[in-house]
$ cat data.cif   # mmCIF, C-alpha atoms
data_target
loop_
_atom_site.label_atom_id
_atom_site.label_comp_id
_atom_site.auth_asym_id
_atom_site.auth_seq_id
_atom_site.Cartn_x
_atom_site.Cartn_y
_atom_site.Cartn_z
CA MET T 1 -22.55 -42.90 -33.72
CA ASN T 2 -19.22 -41.30 -34.67
CA TRP T 3 -16.47 -43.85 -34.12
CA ILE T 4 -12.85 -42.72 -33.80
CA TYR T 5 -10.61 -45.23 -35.60
CA LEU T 6 -7.16 -44.85 -34.02
CA ASN T 7 -4.39 -45.52 -36.51
CA LYS T 8 -0.85 -45.79 -35.14
CA ASN T 9 1.48 -43.74 -37.36
CA ASN T 10 -1.27 -43.94 -40.01
CA GLU T 11 0.18 -47.37 -40.88
CA ASP T 12 -2.35 -49.84 -39.47
CA GLN T 13 -3.82 -51.56 -42.52
CA TYR T 14 -6.50 -53.41 -40.55
CA ILE T 15 -7.82 -50.28 -38.88
CA GLU T 16 -7.83 -48.69 -42.34
CA MET T 17 -9.87 -51.60 -43.72
CA PHE T 18 -12.40 -51.48 -40.90
CA ALA T 19 -12.78 -47.70 -41.12
CA HIS T 20 -13.21 -47.86 -44.90
CA GLY T 21 -15.89 -50.55 -44.59
CA SER T 22 -17.65 -48.41 -41.98
CA GLN T 23 -17.49 -45.37 -44.32
CA CYS T 24 -15.25 -43.52 -41.88
CA SER T 25 -11.76 -42.09 -41.91
CA THR T 26 -9.00 -42.85 -39.41
CA THR T 27 -7.37 -40.63 -36.80
CA GLN T 28 -3.64 -40.70 -36.23
CA LEU T 29 -3.04 -42.02 -32.72
CA GLU T 30 -0.06 -39.79 -32.02
CA THR T 31 -1.99 -36.54 -32.59
CA TRP T 32 -5.27 -37.65 -30.99
CA ASN T 33 -6.37 -36.35 -27.59
CA TYR T 34 -8.61 -38.54 -25.44
CA ASP T 35 -10.33 -35.56 -23.86
CA ASP T 36 -11.31 -33.81 -27.10
CA SER T 37 -14.60 -35.74 -27.32
CA ASN T 38 -16.65 -38.54 -25.79
CA ASP T 39 -17.04 -40.38 -29.10
CA PRO T 40 -16.52 -44.17 -29.01
CA ILE T 41 -13.13 -45.52 -30.02
CA VAL T 42 -11.84 -48.32 -32.23
CA LEU T 43 -8.32 -49.49 -31.37
CA ARG T 44 -6.15 -52.48 -32.20
CA GLY T 45 -3.48 -54.19 -30.14
CA ILE T 46 -3.07 -54.88 -26.46
CA MET T 47 -0.38 -52.24 -25.97
CA LYS T 48 -3.15 -49.64 -26.24
CA HIS T 49 -4.06 -50.75 -22.72
CA LYS T 50 -3.84 -47.27 -21.21
CA ILE T 51 -6.61 -46.18 -23.56
CA PHE T 52 -9.01 -49.07 -23.04
CA LYS T 53 -8.41 -49.05 -19.28
CA ARG T 54 -9.42 -45.40 -19.24
CA CYS T 55 -12.47 -46.24 -21.35
CA TRP T 56 -13.47 -48.80 -18.72
CA GLN T 57 -12.98 -46.21 -16.01
CA ASP T 58 -15.07 -43.60 -17.85
CA ASN T 59 -17.68 -46.02 -19.26
CA ARG T 60 -16.69 -44.86 -22.73
CA PRO T 61 -17.64 -47.35 -25.48
CA PHE T 62 -14.83 -48.87 -27.51
CA ARG T 63 -14.19 -51.66 -29.96
CA TYR T 64 -11.04 -53.69 -29.59
CA MET T 65 -9.40 -55.45 -32.56
CA ASP T 66 -6.85 -58.25 -32.40
CA THR T 67 -6.05 -61.62 -33.96
CA GLY T 68 -8.97 -63.92 -34.72
CA TYR T 69 -9.42 -67.26 -33.01
CA PHE T 70 -9.36 -69.53 -36.04
CA GLY T 71 -8.58 -69.33 -39.74
CA ASN T 72 -5.11 -67.78 -39.46
CA ARG T 73 -3.06 -70.94 -39.20
CA ALA T 74 -2.01 -72.62 -42.43
CA ASN T 75 -4.90 -74.59 -43.90
CA PHE T 76 -6.31 -75.47 -47.32
CA ARG T 77 -8.00 -72.05 -47.59
CA ASN T 78 -4.98 -70.19 -46.21
CA PRO T 79 -1.96 -72.29 -47.22
CA HIS T 80 0.64 -69.77 -46.04
CA GLY T 81 -0.98 -68.98 -42.70
CA VAL T 82 -1.54 -65.30 -43.50
CA LYS T 83 -3.36 -63.21 -40.89
CA MET T 84 -6.80 -62.91 -42.48
CA TRP T 85 -9.15 -63.02 -39.49
CA HIS T 86 -9.52 -60.47 -36.72
CA ARG T 87 -11.67 -60.49 -33.61
CA ILE T 88 -13.56 -57.31 -32.81
CA VAL T 89 -14.95 -57.04 -29.30
CA ASP T 90 -17.29 -54.44 -27.85
CA ASN T 91 -15.93 -52.97 -24.60
CA ASN T 92 -13.63 -55.86 -23.80
CA LEU T 93 -10.54 -57.71 -25.04
CA GLN T 94 -12.09 -61.14 -25.59
CA HIS T 95 -15.49 -62.59 -26.34
CA GLY T 96 -16.79 -64.02 -23.08
CA LYS T 97 -20.20 -65.44 -22.28
CA ILE T 98 -21.80 -67.63 -24.94
CA ILE T 99 -24.62 -66.02 -26.88
CA SER T 100 -26.74 -68.14 -29.23
CA ARG T 101 -25.68 -67.60 -32.87
CA PRO T 102 -26.45 -69.32 -36.17
CA ASP T 103 -23.83 -71.81 -37.36
CA ASP T 104 -23.31 -70.33 -40.83
CA ARG T 105 -20.12 -68.45 -40.01
CA TRP T 106 -18.64 -71.33 -38.03
CA LYS T 107 -19.26 -73.93 -40.75
CA GLN T 108 -17.14 -72.03 -43.28
CA PHE T 109 -13.98 -72.99 -41.37
CA SER T 110 -14.52 -76.75 -41.74
CA ILE T 111 -12.93 -77.33 -38.32
CA ASN T 112 -13.75 -80.54 -36.49
CA ILE T 113 -15.00 -80.42 -32.91
CA ASN T 114 -13.35 -83.42 -31.30
CA PRO T 115 -14.54 -85.39 -28.28
CA ARG T 116 -12.23 -85.50 -25.32
CA HIS T 117 -9.25 -87.77 -25.66
CA THR T 118 -6.74 -88.84 -23.07
CA GLY T 119 -3.03 -88.19 -23.05
CA ARG T 120 -0.02 -88.14 -20.78
CA ASN T 121 1.52 -84.66 -20.90
CA ILE T 122 0.72 -81.27 -19.43
CA VAL T 123 1.37 -78.70 -22.18
CA ILE T 124 2.15 -75.19 -20.97
CA VAL T 125 2.01 -72.46 -23.61
CA MET T 126 4.46 -69.66 -22.87
CA PRO T 127 2.84 -66.23 -23.35
CA GLU T 128 4.36 -63.08 -24.73
CA ASP T 129 5.28 -60.38 -22.24
CA LYS T 130 2.81 -57.86 -23.70
CA PRO T 131 -0.44 -59.29 -22.32
CA CYS T 132 1.25 -60.17 -19.04
CA ILE T 133 2.38 -56.57 -18.56
CA VAL T 134 -1.19 -55.37 -19.04
CA TYR T 135 -2.24 -57.47 -16.05
CA GLY T 136 0.75 -56.63 -13.87
CA THR T 137 3.05 -59.63 -14.32
CA THR T 138 5.67 -60.96 -16.73
CA ALA T 139 5.74 -64.10 -18.83
CA GLN T 140 8.58 -65.58 -16.78
CA GLN T 141 6.90 -64.80 -13.47
CA TRP T 142 3.68 -66.41 -14.66
CA LEU T 143 5.57 -69.48 -15.89
CA ASP T 144 7.49 -69.89 -12.62
CA GLU T 145 4.33 -69.61 -10.54
CA THR T 146 2.40 -71.94 -12.83
CA LEU T 147 5.10 -74.62 -12.79
CA ALA T 148 5.30 -74.45 -9.00
CA THR T 149 1.53 -74.88 -8.66
CA VAL T 150 1.22 -77.66 -11.22
CA LYS T 151 4.03 -79.67 -9.64
CA GLN T 152 2.16 -79.63 -6.34
CA HIS T 153 -0.75 -81.47 -7.92
CA THR T 154 0.69 -83.81 -10.57
CA ASP T 155 3.84 -85.64 -11.54
CA ARG T 156 2.92 -85.83 -15.22
CA PRO T 157 5.55 -84.83 -17.80
CA ILE T 158 5.42 -81.12 -18.65
CA VAL T 159 5.96 -79.93 -22.21
CA LEU T 160 6.70 -76.23 -22.65
CA ARG T 161 5.51 -74.55 -25.84
CA GLU T 162 7.90 -71.60 -26.04
CA ARG T 163 7.21 -68.40 -27.90
CA ASN T 164 9.14 -67.48 -31.03
CA LYS T 165 8.60 -64.23 -32.91
CA ASN T 166 9.48 -66.01 -36.14
CA ARG T 167 6.19 -67.57 -37.15
CA GLN T 168 7.81 -70.03 -39.55
CA VAL T 169 10.04 -71.36 -36.78
CA ARG T 170 7.08 -71.55 -34.40
CA GLU T 171 4.89 -73.40 -36.90
CA ALA T 172 7.64 -75.88 -37.77
CA VAL T 173 6.30 -77.91 -34.84
CA PRO T 174 2.51 -77.43 -35.15
CA PHE T 175 0.66 -76.90 -31.90
CA THR T 176 -1.76 -79.64 -32.92
CA SER T 177 1.10 -82.15 -32.74
CA LEU T 178 1.46 -81.40 -29.03
CA LEU T 179 -2.22 -82.17 -28.46
CA LYS T 180 -1.84 -85.80 -29.56
CA ASP T 181 -0.46 -86.88 -26.19
CA ALA T 182 -1.81 -84.06 -24.04
CA HIS T 183 -3.76 -84.57 -20.82
CA ALA T 184 -4.39 -80.82 -20.48
CA VAL T 185 -3.13 -77.50 -21.83
CA ILE T 186 -2.37 -74.46 -19.67
CA VAL T 187 -2.30 -70.99 -21.20
CA TYR T 188 -2.24 -67.41 -20.04
CA ASN T 189 -4.30 -65.65 -22.70
CA SER T 190 -3.33 -67.61 -25.79
CA ILE T 191 -5.56 -68.66 -28.67
CA ALA T 192 -4.07 -72.10 -28.00
CA ALA T 193 -6.83 -72.59 -25.42
CA THR T 194 -9.40 -72.37 -28.20
CA GLU T 195 -7.49 -74.86 -30.33
CA SER T 196 -7.11 -77.21 -27.37
CA VAL T 197 -10.82 -77.40 -26.61
CA LEU T 198 -11.71 -77.87 -30.28
CA GLY T 199 -9.06 -80.60 -30.37
CA GLY T 200 -10.60 -82.48 -27.44
CA VAL T 201 -8.08 -81.48 -24.77
CA PRO T 202 -9.10 -79.75 -21.52
CA ALA T 203 -7.75 -76.22 -21.22
CA PHE T 204 -6.79 -74.15 -18.19
CA VAL T 205 -6.78 -70.37 -18.68
CA CYS T 206 -5.05 -67.93 -16.35
CA ALA T 207 -5.42 -64.36 -17.68
CA PRO T 208 -8.34 -62.31 -16.35
CA SER T 209 -9.91 -62.39 -19.83
CA ASN T 210 -9.84 -65.37 -22.19
CA ALA T 211 -12.27 -66.33 -24.93
CA ALA T 212 -12.13 -69.97 -23.82
CA ASP T 213 -13.47 -69.15 -20.34
CA PRO T 214 -16.93 -70.67 -20.95
CA VAL T 215 -15.40 -74.03 -21.90
CA ALA T 216 -12.18 -74.07 -19.85
CA ASN T 217 -10.87 -74.54 -16.31
CA ARG T 218 -9.20 -72.04 -13.99
CA ASP T 219 -8.26 -73.98 -10.85
CA LEU T 220 -4.87 -75.60 -11.42
CA ALA T 221 -5.39 -77.72 -8.32
CA LYS T 222 -7.75 -79.79 -10.51
CA ILE T 223 -5.13 -80.47 -13.16
CA GLU T 224 -5.41 -84.25 -12.64
CA ASP T 225 -9.19 -84.25 -13.07
CA PRO T 226 -10.07 -81.37 -15.39
CA TRP T 227 -13.57 -80.55 -16.56
CA PHE T 228 -14.30 -80.87 -20.27
CA PRO T 229 -17.48 -79.43 -21.80
CA ASP T 230 -19.98 -81.49 -23.75
CA LEU T 231 -19.82 -81.13 -27.52
CA ASP T 232 -23.08 -79.18 -27.78
CA LEU T 233 -21.64 -76.51 -25.51
CA VAL T 234 -18.40 -76.42 -27.50
CA ARG T 235 -20.33 -75.98 -30.73
CA ALA T 236 -22.47 -73.16 -29.31
CA TRP T 237 -19.28 -71.45 -28.11
CA ALA T 238 -17.57 -71.89 -31.50
CA CYS T 239 -20.58 -70.42 -33.31
CA HIS T 240 -20.50 -67.44 -30.96
CA LEU T 241 -16.79 -66.81 -31.57
CA ALA T 242 -17.31 -67.07 -35.32
CA TYR T 243 -19.74 -64.16 -35.11
CA GLY T 244 -17.11 -62.02 -33.42
CA GLN T 245 -14.24 -62.39 -35.88
CA PHE T 246 -14.02 -61.07 -39.41
CA HIS T 247 -12.02 -61.62 -42.60
CA ASN T 248 -10.03 -58.79 -44.20
CA ARG T 249 -12.64 -58.77 -46.95
CA GLU T 250 -15.42 -58.26 -44.39
CA LEU T 251 -13.56 -55.36 -42.80
CA ARG T 252 -13.33 -53.67 -46.20
CA ASP T 253 -16.84 -54.31 -47.49
CA GLY T 254 -18.72 -53.29 -44.34
CA THR T 255 -19.86 -56.78 -43.28
CA ALA T 256 -18.00 -56.51 -39.97
CA ALA T 257 -19.59 -53.18 -39.09
CA ARG T 258 -23.07 -54.39 -40.08
CA ILE T 259 -22.85 -57.55 -37.97
CA LEU T 260 -21.43 -55.70 -34.97
CA ASP T 261 -24.03 -52.94 -35.15
CA LYS T 262 -26.83 -55.47 -35.51
CA THR T 263 -25.77 -57.56 -32.53
CA LYS T 264 -24.16 -55.04 -30.20
CA GLU T 265 -27.20 -54.89 -27.96
CA LEU T 266 -26.49 -58.54 -27.06
CA SER T 267 -22.94 -57.61 -25.96
CA TYR T 268 -19.87 -59.78 -26.47
CA ALA T 269 -18.32 -58.96 -23.10
#
$ encode --input "data.cif" --output "structure tokens"
Amino acid sequence: MNWIYLNKNNEDQYIEMFAHGSQCSTTQLETWNYDDSNDPIVLRGIMKHKIFKRCWQDNRPFRYMDTGYFGNRANFRNPHGVKMWHRIVDNNLQHGKIISRPDDRWKQFSININPRHTGRNIVIVMPEDKPCIVYGTTAQQWLDETLATVKQHTDRPIVLRERNKNRQVREAVPFTSLLKDAHAVIVYNSIAATESVLGGVPAFVCAPSNAADPVANRDLAKIEDPWFPDLDLVRAWACHLAYGQFHNRELRDGTAARILDKTKELSYA
């Protein structure tokens, strides 16, 4: 299969890595024409939404790359919180249904799966505008509607986790610190939903596609009595996600392509 690796301005280092590991070259996005072939596409970043929406319409295979679910925050293996891990999804934006996977890739992260704990606050994670635009809303509109709905069903304190483009400023107050007294976390499409469930806090997800869907809630009317999955289900979900995200090294050496090609018949969608 001849994949087309779309490279914006020929400057996308992660697309370059993935193409190199797949023994392919990249194609500059600005000079590429969708209609020149029916070959499957590799693209990175949600602002390529016109392309992947057309792929959905035409049933054209594609692989979508974006930030990985775990491993990118500062930790003992990644002390500076450098982006090292990238999710790659066949024909969708997020990994959805849980598919049984070995635990080898998950165990390398040494992340605890915590039982549910109780807290007082509702934490709302403010999204960026980019994913909201893709689904026909804005971050502020989503926030206003979410606050209005939540306040109909609870009088718990609400803590807003605002976005900040400066990662150092954002990480000055670690998200995990907000989980210590959290009753539930509400996100649009944020990776924070994944961190919440692993941290033992029920998550509510609102975007049409979110990797935490199999272990999260959607009905905000149930904010006072949220569902939380059992730990076996959380572990199966974590193992699945670990098989859909790849380190920079694995992009370059072909591991990512080999795993994806081996398991694509199972689908990640």
$ resolve_selection --input "data.cif" --expression "the PyMOL selection byres ((chain T and resi 197) around 12)" --output "MDAnalysis selection string"
chainID T and resid 111:117 176 179 182:187 191:196 198:205 211:217 226:231 233:235 237:238
$ write_last_selection --input "data.cif" --atoms "C-alpha atoms" --output "compact mmCIF listing (two decimals), in the coordinates of the input"
# COMPACT_ATOMS: atom_id res chain seq x y z
CA ILE T 111 -12.93 -77.33 -38.32
CA ASN T 112 -13.75 -80.54 -36.49
CA ILE T 113 -15.00 -80.42 -32.91
CA ASN T 114 -13.35 -83.42 -31.30
CA PRO T 115 -14.54 -85.39 -28.28
CA ARG T 116 -12.23 -85.50 -25.32
CA HIS T 117 -9.25 -87.77 -25.66
CA THR T 176 -1.76 -79.64 -32.92
CA LEU T 179 -2.22 -82.17 -28.46
CA ALA T 182 -1.81 -84.06 -24.04
CA HIS T 183 -3.76 -84.57 -20.82
CA ALA T 184 -4.39 -80.82 -20.48
CA VAL T 185 -3.13 -77.50 -21.83
CA ILE T 186 -2.37 -74.46 -19.67
CA VAL T 187 -2.30 -70.99 -21.20
CA ILE T 191 -5.56 -68.66 -28.67
CA ALA T 192 -4.07 -72.10 -28.00
CA ALA T 193 -6.83 -72.59 -25.42
CA THR T 194 -9.40 -72.37 -28.20
CA GLU T 195 -7.49 -74.86 -30.33
CA SER T 196 -7.11 -77.21 -27.37
CA LEU T 198 -11.71 -77.87 -30.28
CA GLY T 199 -9.06 -80.60 -30.37
CA GLY T 200 -10.60 -82.48 -27.44
CA VAL T 201 -8.08 -81.48 -24.77
CA PRO T 202 -9.10 -79.75 -21.52
CA ALA T 203 -7.75 -76.22 -21.22
CA PHE T 204 -6.79 -74.15 -18.19
CA VAL T 205 -6.78 -70.37 -18.68
CA ALA T 211 -12.27 -66.33 -24.93
CA ALA T 212 -12.13 -69.97 -23.82
CA ASP T 213 -13.47 -69.15 -20.34
CA PRO T 214 -16.93 -70.67 -20.95
CA VAL T 215 -15.40 -74.03 -21.90
CA ALA T 216 -12.18 -74.07 -19.85
CA ASN T 217 -10.87 -74.54 -16.31
CA PRO T 226 -10.07 -81.37 -15.39
CA TRP T 227 -13.57 -80.55 -16.56
CA PHE T 228 -14.30 -80.87 -20.27
CA PRO T 229 -17.48 -79.43 -21.80
CA ASP T 230 -19.98 -81.49 -23.75
CA LEU T 231 -19.82 -81.13 -27.52
CA LEU T 233 -21.64 -76.51 -25.51
CA VAL T 234 -18.40 -76.42 -27.50
CA ARG T 235 -20.33 -75.98 -30.73
CA TRP T 237 -19.28 -71.45 -28.11
CA ALA T 238 -17.57 -71.89 -31.50
$ residues_around --input "data.cif" --residues "T:Ile122" --least-positions-apart "2" --cutoff "10 Å" --atoms "all atoms listed in the file" --output "list of chain:residue names"
T:Gly119, T:Arg120, T:Ile124, T:Val125, T:Val150, T:Thr154, T:Asp155, T:Arg156, T:Pro157, T:Ile158, T:Val159, T:Leu160, T:Leu178, T:Leu179, T:Asp181, T:Ala182, T:His183, T:Ala184, T:Val185, T:Ile186, T:Ile223, T:Glu224
$ write_last_selection --input "data.cif" --atoms "C-alpha atoms" --output "PDB file, in the frame of the given file"
ATOM      1  CA  GLY T 119      -3.030 -88.190 -23.050  1.00  0.00           C
ATOM      2  CA  ARG T 120      -0.020 -88.140 -20.780  1.00  0.00           C
ATOM      3  CA  ILE T 124       2.150 -75.190 -20.970  1.00  0.00           C
ATOM      4  CA  VAL T 125       2.010 -72.460 -23.610  1.00  0.00           C
ATOM      5  CA  VAL T 150       1.220 -77.660 -11.220  1.00  0.00           C
ATOM      6  CA  THR T 154       0.690 -83.810 -10.570  1.00  0.00           C
ATOM      7  CA  ASP T 155       3.840 -85.640 -11.540  1.00  0.00           C
ATOM      8  CA  ARG T 156       2.920 -85.830 -15.220  1.00  0.00           C
ATOM      9  CA  PRO T 157       5.550 -84.830 -17.800  1.00  0.00           C
ATOM     10  CA  ILE T 158       5.420 -81.120 -18.650  1.00  0.00           C
ATOM     11  CA  VAL T 159       5.960 -79.930 -22.210  1.00  0.00           C
ATOM     12  CA  LEU T 160       6.700 -76.230 -22.650  1.00  0.00           C
ATOM     13  CA  LEU T 178       1.460 -81.400 -29.030  1.00  0.00           C
ATOM     14  CA  LEU T 179      -2.220 -82.170 -28.460  1.00  0.00           C
ATOM     15  CA  ASP T 181      -0.460 -86.880 -26.190  1.00  0.00           C
ATOM     16  CA  ALA T 182      -1.810 -84.060 -24.040  1.00  0.00           C
ATOM     17  CA  HIS T 183      -3.760 -84.570 -20.820  1.00  0.00           C
ATOM     18  CA  ALA T 184      -4.390 -80.820 -20.480  1.00  0.00           C
ATOM     19  CA  VAL T 185      -3.130 -77.500 -21.830  1.00  0.00           C
ATOM     20  CA  ILE T 186      -2.370 -74.460 -19.670  1.00  0.00           C
ATOM     21  CA  ILE T 223      -5.130 -80.470 -13.160  1.00  0.00           C
ATOM     22  CA  GLU T 224      -5.410 -84.250 -12.640  1.00  0.00           C
TER      23      GLU T 224
END
$ axis_aligned_box --input "data.cif" --around "stretch 187-204 of chain T" --padding-each-side "6 Å" --output "lines of an AutoDock Vina configuration file"
center_x = -7.0
center_y = -74.1
center_z = -24.3
size_x = 21.5
size_y = 28.8
size_z = 24.2
$ closest_residue --input "data.cif" --among "T:Gln13, T:Thr31, T:Gln94, T:Asn72" --to "T:His247" --atoms "all atoms listed in the file"
T:Asn72
$ closest_residue --input "data.cif" --among "T:Arg44, T:Lys180, T:Lys130, T:Met84" --to "T:Asp66" --atoms "all atoms listed in the file"
T:Arg44
$ residues_around --input "data.cif" --residues "T:Asn210" --least-positions-apart "6" --cutoff "8 Å" --atoms "all atoms listed in the file" --output "number ranges by chain"
T: 94-96, 189-190
$ residues_near_point --input "data.cif" --point "(-20.1, -42.2, -33.7)" --cutoff "9 Å" --atoms "all atoms listed in the file" --output "PyMOL selection string"
chain T and resi 1-4+39-41
$ resolve_selection --input "data.cif" --expression "the PyMOL selection byres ((chain T and resi 162) around 8)" --output "ChimeraX atom specification"
/T:125-127,160-161,163-164
$ closest_atom_pairs --input "data.cif" --of "stretch 184-249 of chain T" --to "stretch 17-27 of chain T" --cutoff "12 Å" --atoms "all atoms listed in the file" --output "Markdown table"
| residue | atom | partner | partner_atom | distance |
| --- | --- | --- | --- | --- |
| T:Phe246 | CA | T:Phe18 | CA | 9.8 |
| T:His247 | CA | T:Phe18 | CA | 10.3 |
| T:Asn248 | CA | T:Met17 | CA | 7.2 |
| T:Arg249 | CA | T:Met17 | CA | 8.3 |
$ closest_residue --input "data.cif" --among "T:Ala207, T:Glu11, T:Gln28, T:Leu43" --to "T:Thr138" --atoms "all atoms listed in the file"
T:Ala207
$ atom_distance --input "data.cif" --atom1 "atom CA of T:Thr118" --atom2 "atom CA of T:Gln140"
28.6 Å
$ closest_residue --input "data.cif" --among "T:Gly81, T:Gly136, T:Gly71, T:Gly254" --to "T:Leu241" --atoms "only C-alpha atoms"
T:Gly71
$ closest_residue --input "data.cif" --among "T:Met47, T:Tyr5, T:Cys239, T:Lys262" --to "T:Pro131" --atoms "all atoms listed in the file"
T:Met47
$ resolve_selection --input "data.cif" --expression "the PyMOL selection byres ((chain T and resi 92) around 9)" --output "ChimeraX atom specification"
/T:52,56,62-64,89-91,93-96,209,268-269
$ write_last_selection --input "data.cif" --atoms "C-alpha atoms" --output "CSV table (one decimal), keeping the file's coordinate frame"
chain,number,residue,atom,x,y,z
T,52,PHE,CA,-9.0,-49.1,-23.0
T,56,TRP,CA,-13.5,-48.8,-18.7
T,62,PHE,CA,-14.8,-48.9,-27.5
T,63,ARG,CA,-14.2,-51.7,-30.0
T,64,TYR,CA,-11.0,-53.7,-29.6
T,89,VAL,CA,-15.0,-57.0,-29.3
T,90,ASP,CA,-17.3,-54.4,-27.8
T,91,ASN,CA,-15.9,-53.0,-24.6
T,93,LEU,CA,-10.5,-57.7,-25.0
T,94,GLN,CA,-12.1,-61.1,-25.6
T,95,HIS,CA,-15.5,-62.6,-26.3
T,96,GLY,CA,-16.8,-64.0,-23.1
T,209,SER,CA,-9.9,-62.4,-19.8
T,268,TYR,CA,-19.9,-59.8,-26.5
T,269,ALA,CA,-18.3,-59.0,-23.1
$ atom_distance --input "data.cif" --atom1 "atom CA of T:Asp12" --atom2 "atom CA of T:Tyr69"
19.9 Å
$ closest_residue --input "data.cif" --among "T:Tyr135, T:Tyr243, T:Phe175, T:Phe109" --to "T:Lys53" --atoms "all atoms listed in the file"
T:Tyr135
$ atom_distance --input "data.cif" --atom1 "atom CA of T:Asn59" --atom2 "atom CA of T:Val42"
14.4 Å
$ decode --input "data.cif" --residues "stretch 140-157 of chain T" --atoms "N, CA and C atoms" --output "compact mmCIF listing (two decimals), in the first residue's frame"
# COMPACT_ATOMS: atom_id res chain seq x y z
N GLN T 140 -15.48 28.78 24.18
CA GLN T 140 -16.31 29.57 25.10
C GLN T 140 -17.76 29.12 25.07
N GLN T 141 -18.27 28.83 23.89
CA GLN T 141 -19.66 28.37 23.78
C GLN T 141 -19.84 27.05 24.53
N TRP T 142 -18.88 26.14 24.33
CA TRP T 142 -18.95 24.85 25.04
C TRP T 142 -18.91 25.07 26.55
N LEU T 143 -18.02 25.94 27.00
CA LEU T 143 -17.89 26.19 28.43
C LEU T 143 -19.18 26.77 29.00
N ASP T 144 -19.76 27.75 28.32
CA ASP T 144 -20.99 28.38 28.80
C ASP T 144 -22.12 27.35 28.90
N GLU T 145 -22.25 26.53 27.88
CA GLU T 145 -23.31 25.52 27.88
C GLU T 145 -23.07 24.46 28.95
N THR T 146 -21.81 24.09 29.13
CA THR T 146 -21.48 23.07 30.13
C THR T 146 -21.74 23.58 31.53
N LEU T 147 -21.33 24.82 31.82
CA LEU T 147 -21.56 25.39 33.14
C LEU T 147 -23.06 25.47 33.44
N ALA T 148 -23.83 25.89 32.44
CA ALA T 148 -25.28 26.01 32.65
C ALA T 148 -25.90 24.66 32.97
N THR T 149 -25.46 23.62 32.27
CA THR T 149 -26.02 22.29 32.51
C THR T 149 -25.60 21.75 33.86
N VAL T 150 -24.32 21.88 34.18
CA VAL T 150 -23.81 21.34 35.44
C VAL T 150 -24.51 22.00 36.63
N LYS T 151 -24.72 23.30 36.55
CA LYS T 151 -25.33 24.02 37.68
C LYS T 151 -26.79 23.65 37.88
N GLN T 152 -27.40 23.03 36.89
CA GLN T 152 -28.76 22.53 37.06
C GLN T 152 -28.81 21.27 37.92
N HIS T 153 -27.66 20.58 38.00
CA HIS T 153 -27.67 19.26 38.61
C HIS T 153 -26.78 19.12 39.84
N THR T 154 -26.03 20.17 40.18
CA THR T 154 -25.17 20.09 41.37
C THR T 154 -24.85 21.49 41.86
N ASP T 155 -24.59 21.58 43.16
CA ASP T 155 -24.11 22.85 43.72
C ASP T 155 -22.68 22.72 44.23
N ARG T 156 -21.98 21.71 43.74
CA ARG T 156 -20.58 21.52 44.12
C ARG T 156 -19.72 22.68 43.59
N PRO T 157 -18.61 22.96 44.27
CA PRO T 157 -17.67 23.97 43.74
C PRO T 157 -17.13 23.53 42.38
